[in-house]
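Here is the file work_25.cif (mmCIF, C-alpha atoms and all ligand atoms).
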```
data_data
#
loop_
_atom_site.label_atom_id
_atom_site.label_comp_id
_atom_site.auth_asym_id
_atom_site.auth_seq_id
_atom_site.Cartn_x
_atom_site.Cartn_y
_atom_site.Cartn_z
CA MET A 21 -33.92 -65.59 -0.64
CA LYS A 22 -32.47 -65.70 2.84
CA ILE A 23 -30.58 -62.56 3.92
CA SER A 24 -28.22 -63.12 6.80
CA VAL A 25 -27.71 -60.17 9.15
CA ALA A 26 -25.09 -59.90 11.88
CA HIS A 27 -26.26 -57.43 14.52
CA LEU A 28 -23.16 -56.34 16.41
CA TYR A 29 -23.37 -55.72 20.15
CA PRO A 30 -27.17 -55.37 20.39
CA ASP A 31 -26.93 -55.42 24.20
CA TYR A 32 -24.60 -52.42 24.28
CA LEU A 33 -25.36 -50.34 21.22
CA ASN A 34 -29.09 -49.73 21.01
CA ILE A 35 -29.63 -46.13 22.02
CA TYR A 36 -32.92 -44.56 20.78
CA ALA A 37 -34.05 -48.09 19.89
CA ASP A 38 -31.73 -48.28 16.89
CA ARG A 39 -32.74 -51.92 16.54
CA GLY A 40 -36.05 -50.66 15.08
CA ASN A 41 -34.16 -50.34 11.81
CA ILE A 42 -33.84 -54.13 11.74
CA ALA A 43 -37.61 -54.47 12.20
CA VAL A 44 -38.12 -52.30 9.10
CA LEU A 45 -35.67 -54.35 7.05
CA THR A 46 -37.36 -57.59 8.17
CA ARG A 47 -40.80 -56.32 7.19
CA ARG A 48 -39.75 -54.87 3.84
CA ALA A 49 -37.83 -58.05 3.00
CA ALA A 50 -40.85 -60.22 3.91
CA ALA A 51 -43.12 -58.07 1.69
CA ARG A 52 -40.88 -59.20 -1.21
CA ARG A 53 -40.89 -62.82 0.01
CA HIS A 54 -37.33 -62.69 1.38
CA GLU A 55 -36.38 -63.78 4.85
CA LEU A 56 -34.06 -61.83 7.14
CA SER A 57 -32.20 -64.07 9.53
CA ILE A 58 -30.61 -62.10 12.37
CA GLU A 59 -27.67 -63.24 14.45
CA ALA A 60 -26.56 -61.27 17.50
CA VAL A 61 -22.77 -60.98 17.60
CA GLY A 62 -21.46 -59.88 20.99
CA LEU A 63 -18.18 -59.45 22.83
CA GLY A 64 -15.79 -62.29 22.02
CA ASP A 65 -18.17 -63.88 19.50
CA GLU A 66 -16.79 -65.09 16.20
CA LEU A 67 -17.72 -63.05 13.11
CA GLY A 68 -17.57 -65.50 10.24
CA PRO A 69 -16.32 -63.81 7.05
CA GLY A 70 -18.65 -64.71 4.19
CA ALA A 71 -21.38 -65.79 6.59
CA HIS A 72 -23.42 -62.57 6.40
CA ASP A 73 -24.96 -60.27 3.82
CA LEU A 74 -25.46 -57.28 6.10
CA LEU A 75 -23.70 -55.99 9.20
CA TYR A 76 -25.62 -53.70 11.53
CA VAL A 77 -24.15 -51.63 14.38
CA GLY A 78 -26.30 -49.28 16.48
CA GLY A 79 -25.40 -46.24 18.56
CA GLY A 80 -24.33 -45.90 22.18
CA GLN A 81 -22.88 -43.48 24.67
CA ASP A 82 -19.17 -43.22 25.40
CA ARG A 83 -19.49 -45.67 28.31
CA GLU A 84 -20.88 -48.47 26.14
CA GLN A 85 -18.46 -47.60 23.36
CA THR A 86 -15.51 -48.03 25.75
CA LEU A 87 -16.75 -51.52 26.57
CA ILE A 88 -16.98 -52.78 23.00
CA ALA A 89 -14.24 -50.77 21.21
CA PRO A 90 -11.33 -53.22 21.75
CA ASP A 91 -13.48 -56.16 20.60
CA LEU A 92 -14.66 -54.29 17.50
CA ALA A 93 -11.09 -53.23 16.69
CA GLU A 94 -10.12 -56.91 16.86
CA LYS A 95 -12.92 -57.76 14.43
CA GLY A 96 -11.81 -54.88 12.17
CA GLU A 97 -9.92 -56.96 9.63
CA THR A 98 -12.87 -59.32 9.22
CA VAL A 99 -15.29 -56.39 8.84
CA ARG A 100 -13.05 -54.78 6.21
CA THR A 101 -12.77 -58.03 4.26
CA MET A 102 -16.53 -58.59 4.40
CA VAL A 103 -17.28 -55.11 3.02
CA GLU A 104 -14.60 -55.50 0.34
CA GLU A 105 -16.33 -58.70 -0.70
CA GLY A 106 -19.67 -56.90 -1.08
CA CYS A 107 -21.33 -57.35 2.31
CA ALA A 108 -23.62 -54.40 3.10
CA LEU A 109 -23.27 -52.46 6.34
CA LEU A 110 -25.22 -49.86 8.28
CA ALA A 111 -23.65 -48.23 11.32
CA VAL A 112 -25.35 -45.58 13.44
CA CYS A 113 -23.78 -42.88 15.62
CA GLY A 114 -21.59 -44.60 18.26
CA GLY A 115 -21.19 -47.57 15.90
CA TYR A 116 -20.41 -45.23 13.00
CA GLN A 117 -17.70 -43.52 15.05
CA LEU A 118 -16.06 -46.82 15.97
CA LEU A 119 -16.01 -48.08 12.40
CA GLY A 120 -13.45 -45.40 11.64
CA ARG A 121 -9.90 -45.31 13.02
CA GLY A 122 -11.18 -44.46 16.45
CA TYR A 123 -12.77 -42.02 18.86
CA TRP A 124 -11.04 -39.67 21.27
CA GLY A 125 -13.48 -39.55 24.19
CA ARG A 126 -14.19 -36.61 26.52
CA ASP A 127 -11.52 -37.72 29.01
CA GLY A 128 -8.88 -37.92 26.28
CA THR A 129 -8.81 -41.71 26.07
CA PHE A 130 -8.59 -43.21 22.62
CA MET A 131 -11.05 -45.92 21.67
CA PRO A 132 -9.64 -47.88 18.73
CA GLY A 133 -11.95 -48.49 15.80
CA ALA A 134 -12.42 -51.11 13.09
CA GLU A 135 -10.63 -48.92 10.51
CA LEU A 136 -13.25 -49.46 7.85
CA PHE A 137 -14.32 -45.85 7.22
CA PRO A 138 -11.58 -43.31 6.47
CA HIS A 139 -12.32 -41.01 9.42
CA GLU A 140 -11.49 -40.16 12.99
CA THR A 141 -13.69 -38.71 15.73
CA VAL A 142 -12.91 -36.35 18.59
CA ALA A 143 -15.38 -35.59 21.40
CA GLY A 144 -16.30 -31.90 21.66
CA THR A 145 -17.55 -30.01 24.68
CA THR A 146 -21.02 -29.33 23.27
CA ARG A 147 -23.55 -31.76 21.83
CA MET A 148 -25.00 -31.46 18.37
CA ILE A 149 -28.66 -32.26 18.78
CA GLY A 150 -31.60 -31.86 16.46
CA ASP A 151 -33.43 -32.90 13.34
CA VAL A 152 -31.44 -33.31 10.16
CA LEU A 153 -32.18 -33.22 6.47
CA LEU A 154 -29.63 -34.54 3.99
CA GLU A 155 -29.38 -34.77 0.26
CA CYS A 156 -27.87 -38.09 -0.83
CA GLU A 157 -26.79 -39.45 -4.18
CA LEU A 158 -25.98 -43.11 -3.59
CA GLU A 159 -26.60 -43.89 -7.25
CA PRO A 160 -25.24 -41.49 -9.87
CA GLY A 161 -27.93 -39.03 -10.89
CA VAL A 162 -30.46 -40.26 -8.30
CA ARG A 163 -30.90 -37.64 -5.57
CA GLN A 164 -32.83 -38.59 -2.45
CA MET A 165 -33.61 -36.74 0.76
CA LEU A 166 -32.87 -38.38 4.10
CA ALA A 167 -34.58 -37.12 7.26
CA GLY A 168 -33.40 -38.05 10.74
CA PHE A 169 -32.32 -37.00 14.20
CA GLU A 170 -28.80 -36.48 15.56
CA ASN A 171 -27.41 -36.29 19.09
CA HIS A 172 -23.64 -36.49 19.43
CA ALA A 173 -20.69 -34.81 21.06
CA GLY A 174 -18.20 -36.48 18.71
CA ARG A 175 -16.95 -34.53 15.70
CA THR A 176 -16.10 -36.85 12.84
CA ARG A 177 -13.58 -35.69 10.27
CA LEU A 178 -13.53 -37.55 6.99
CA ASP A 179 -10.14 -38.04 5.33
CA PRO A 180 -9.63 -36.06 2.12
CA GLY A 181 -11.41 -37.83 -0.72
CA ALA A 182 -13.68 -39.89 1.55
CA GLU A 183 -17.28 -40.03 0.38
CA PRO A 184 -19.93 -38.70 2.79
CA LEU A 185 -23.37 -40.30 2.99
CA GLY A 186 -24.97 -36.97 2.20
CA ARG A 187 -24.80 -33.21 2.06
CA VAL A 188 -26.31 -31.42 5.08
CA VAL A 189 -29.30 -29.29 4.12
CA TYR A 190 -30.41 -28.66 7.73
CA GLY A 191 -28.66 -29.84 10.87
CA PHE A 192 -25.05 -30.32 11.99
CA GLY A 193 -23.80 -33.52 10.36
CA ASN A 194 -20.35 -35.00 10.92
CA ASP A 195 -18.74 -32.01 12.60
CA GLY A 196 -21.06 -29.01 12.24
CA GLU A 197 -18.68 -27.41 9.74
CA SER A 198 -17.92 -29.52 6.71
CA GLY A 199 -21.49 -29.74 5.42
CA HIS A 200 -21.05 -33.50 5.24
CA GLU A 201 -22.95 -36.21 7.06
CA GLY A 202 -21.97 -39.82 7.44
CA CYS A 203 -19.68 -41.86 5.24
CA ARG A 204 -20.15 -44.27 2.36
CA LEU A 205 -17.72 -46.93 1.29
CA GLY A 206 -19.09 -49.26 -1.36
CA ARG A 207 -22.08 -51.00 0.22
CA ALA A 208 -21.20 -49.71 3.70
CA LEU A 209 -22.98 -46.69 5.18
CA GLY A 210 -22.28 -44.89 8.45
CA THR A 211 -24.44 -42.08 9.81
CA TYR A 212 -25.21 -40.05 12.92
CA LEU A 213 -28.94 -40.34 12.21
CA HIS A 214 -30.55 -42.28 15.00
CA GLY A 215 -33.51 -44.30 16.04
CA PRO A 216 -36.27 -44.46 13.48
CA LEU A 217 -34.07 -43.75 10.48
CA LEU A 218 -35.39 -46.43 8.14
CA PRO A 219 -39.13 -46.16 8.99
CA ARG A 220 -39.20 -42.60 7.65
CA ASN A 221 -36.73 -43.16 4.84
CA PRO A 222 -38.00 -46.30 3.09
CA TRP A 223 -35.87 -45.60 0.01
CA LEU A 224 -32.76 -46.08 2.14
CA ALA A 225 -34.12 -49.28 3.68
CA ASP A 226 -34.67 -50.63 0.16
CA TRP A 227 -31.22 -49.51 -1.02
CA ILE A 228 -29.63 -51.43 1.86
CA LEU A 229 -31.85 -54.47 1.26
CA ALA A 230 -30.96 -54.46 -2.44
CA GLN A 231 -27.23 -54.42 -1.59
CA ALA A 232 -27.60 -57.25 0.93
CA LEU A 233 -29.67 -59.27 -1.57
CA ALA A 234 -27.03 -58.73 -4.25
CA HIS A 235 -24.44 -60.16 -1.85
CA ALA A 236 -26.68 -63.12 -1.01
CA ALA A 237 -27.55 -63.90 -4.64
CA GLY A 238 -24.35 -62.75 -6.34
CA GLY A 239 -24.35 -60.13 -9.09
CA SER A 240 -25.45 -56.51 -9.01
CA PRO A 241 -28.32 -55.02 -6.99
CA THR A 242 -31.65 -55.03 -8.79
CA PRO A 243 -34.61 -52.73 -7.99
CA LEU A 244 -37.12 -54.09 -5.46
CA GLU A 245 -40.81 -54.21 -6.17
CA PRO A 246 -42.37 -50.95 -4.80
CA LEU A 247 -44.49 -51.03 -1.63
CA ASP A 248 -47.29 -48.79 -0.47
CA ASP A 249 -45.30 -46.23 1.54
CA GLU A 250 -48.05 -43.70 2.22
CA VAL A 251 -47.54 -43.67 6.00
CA GLU A 252 -43.77 -43.61 5.62
CA ALA A 253 -44.06 -40.64 3.25
CA VAL A 254 -46.02 -38.71 5.89
CA ALA A 255 -43.42 -39.57 8.55
CA HIS A 256 -40.68 -38.37 6.19
CA ARG A 257 -42.52 -35.12 5.50
CA VAL A 258 -43.02 -34.38 9.18
CA ALA A 259 -39.37 -35.15 10.01
CA ALA A 260 -38.10 -33.08 7.07
CA GLU A 261 -40.28 -30.15 8.10
CA ARG A 262 -38.98 -30.36 11.68
CA ALA A 263 -35.41 -30.28 10.33
CA ARG A 264 -36.28 -27.23 8.22
CA THR A 265 -37.65 -25.34 11.19
CA ARG A 266 -35.57 -26.72 14.06
CA GLY A 267 -32.44 -28.28 12.52
CA GLY A 268 -29.13 -27.46 14.20
CA ARG A 269 -27.99 -25.14 11.50
CA LYS A 270 -29.41 -23.49 8.44
CA ARG A 271 -27.43 -23.66 5.27
N1 LIG A 301 -20.96 -41.09 22.46
C1 LIG A 301 -21.02 -40.59 21.14
C2 LIG A 301 -21.15 -39.08 21.07
O1 LIG A 301 -21.82 -38.45 21.90
C3 LIG A 301 -22.15 -41.28 20.43
C4 LIG A 301 -23.47 -40.99 21.04
C5 LIG A 301 -24.59 -41.68 20.42
O2 LIG A 301 -24.50 -42.81 19.87
N2 LIG A 301 -25.72 -41.03 20.55
O3 LIG A 301 -20.60 -38.50 20.18
#
```
Please lay out the structure from this file as structure tokens.
Ligand code: GLN
Amino acid sequence: MKISVAHLYPDYLNIYADRGNIAVLTRRAAARRHELSIEAVGLGDELGPGAHDLLYVGGGQDREQTLIAPDLAEKGETVRTMVEEGCALLAVCGGYQLLGRGYWGRDGTFMPGAELFPHETVAGTTRMIGDVLLECELEPGVRQMLAGFENHAGRTRLDPGAEPLGRVVYGFGNDGESGHEGCRLGRALGTYLHGPLLPRNPWLADWILAQALAHAAGGSPTPLEPLDDEVEAVAHRVAAERARTRGGRKR
């Protein structure tokens, strides 16, 4: 099966090498004999509704976010339609912030967002930095731990009733107070967890792949054939342990 990925603004939003997540998806898809075809979508480029199975947006600092925000806001309606029609999405940090209604930057300027996720972000005066451990339940009754790293000044407030990606076990999460991290809307996930998120959380990589495959093939997601994730399991353990001992906040 061919899985078509639109990678939004790779030249601007790639802090902490967020594009490494795409490398993981490519490899894990290939191990199941699927092919990931990646299209870079930049400023002013057309985003064809229906043309993609997965949208990916990385993180970036306020400066880069200012540059792409108006363009992303313009693409908002297309992004919302795509997700409604079952396209999968992963957005990290700066990209996650701008997939909500918008981001009030440090200087008080408002960057408009794509209005996909029901949230809004306001820059704080301190940064929330450190390792994070979350408990997620993307499928009813299936609890999984997600280990990652966060570094953000923005505080994201979910609207009442919005579904977070996970519950913070260690770390700050969306705003350091709510105990929530990220946001989930159907097959769309947004998170503050940066950089090598998927290499150390292979279950999440496979969840995303299964959603994208379901969009490509039609029908519901089906489980993927398991891979040997021994190295990934060690990476997860080390990251989870760091979050336990050094995470931003103990709960
Ligand atoms: N500029 C945003 C913040 O600090 C996002 C930063 C990032 O992507 N690391 O909140």
Top pick for closest residue to ligand LIG 301 (chain A), considering A:Gly128, A:Gly181, A:Gly174, A:Pro30 and counting all atoms listed in the file:
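Result for the nearest residue to ligand LIG 301 (chain A): A:Gly174.
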Using all atoms listed in the file, find each residue of chain A with at least one atom at most 6 Å away from an atom of ligand LIG 301 (chain A); report its shortest atom-to-atom pair and that distance in Å (one decimal), sort the rows by chain and rising residue number, and return the result as a tab-separated table.
```
residue	atom	partner	partner_atom	distance
A:Gly79	CA	A:LIG301	O2	3.8
A:Gly80	CA	A:LIG301	O2	3.9
A:Gln81	CA	A:LIG301	N1	3.8
A:Asp82	CA	A:LIG301	N1	4.0
A:Cys113	CA	A:LIG301	O2	4.3
A:Gly114	CA	A:LIG301	O2	3.8
A:Asn171	CA	A:LIG301	N2	5.2
A:His172	CA	A:LIG301	O1	3.6
A:Ala173	CA	A:LIG301	O3	3.8
A:Gly174	CA	A:LIG301	O3	3.5
```
Restricting the output to C-alpha atoms, write the selected residues as an mmCIF file, in the frame of the given file.
```
data_model
loop_
_atom_site.group_PDB
_atom_site.id
_atom_site.type_symbol
_atom_site.label_atom_id
_atom_site.label_comp_id
_atom_site.auth_asym_id
_atom_site.auth_seq_id
_atom_site.Cartn_x
_atom_site.Cartn_y
_atom_site.Cartn_z
ATOM 1 C CA GLY A 79 -25.400 -46.240 18.560
ATOM 2 C CA GLY A 80 -24.330 -45.900 22.180
ATOM 3 C CA GLN A 81 -22.880 -43.480 24.670
ATOM 4 C CA ASP A 82 -19.170 -43.220 25.400
ATOM 5 C CA CYS A 113 -23.780 -42.880 15.620
ATOM 6 C CA GLY A 114 -21.590 -44.600 18.260
ATOM 7 C CA ASN A 171 -27.410 -36.290 19.090
ATOM 8 C CA HIS A 172 -23.640 -36.490 19.430
ATOM 9 C CA ALA A 173 -20.690 -34.810 21.060
ATOM 10 C CA GLY A 174 -18.200 -36.480 18.710
#
```
Could you check how far atom CA of A:Ala167 sits from atom CA of A:Leu247, in Å to one decimal?
19.3 Å
Quick one: of A:Leu75, A:Ala108, A:Cys203, A:Val142, who's nearest to A:Ala234, counting only C-alpha atoms?
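With only C-alpha atoms as the atom set, the closest residue is A:Ala108.
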In terms of all atoms listed in the file, the residue from A:Val112, A:Leu87, A:Leu63, A:Ile58 at minimal distance from A:Tyr36 is A:Val112
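Nearest-residue note for A:His139: choosing from A:Gly161, A:Gly64, A:Pro180, A:Gly96, the minimum distance belongs to A:Pro180, counting all atoms listed in the file.
The spacing separating atom CA of A:Cys107 from atom CA of A:Ala236 amounts to 8.5 Å.
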Have a look at A:Arg147, A:Arg52, A:Arg187, A:Arg257 and name the one nearest to A:Arg175; count all atoms listed in the file.
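Nearest candidate to A:Arg175 out of A:Arg147, A:Arg52, A:Arg187, A:Arg257: A:Arg147.
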Choose the residue, out of A:Ala253, A:Leu28, A:Leu109, A:Val152, that has the smallest atom-to-atom separation from A:Gly268; count only C-alpha atoms.
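Among the listed residues, A:Val152 lies closest to A:Gly268.
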Quick one, how far is atom CA of A:Ala134 from atom CA of A:Pro219?
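Rounded to one decimal, the two atoms are 27.5 Å apart.
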Around the point (-14.1, -54.4, 9.5) in the file's coordinates, collect all residues with an atom within 12 Å, using only C-alpha atoms, and return them as a VMD selection string.
chain A and resid 28 67 to 69 75 to 77 91 to 105 107 to 109 111 115 to 116 118 to 121 133 to 138 205 208
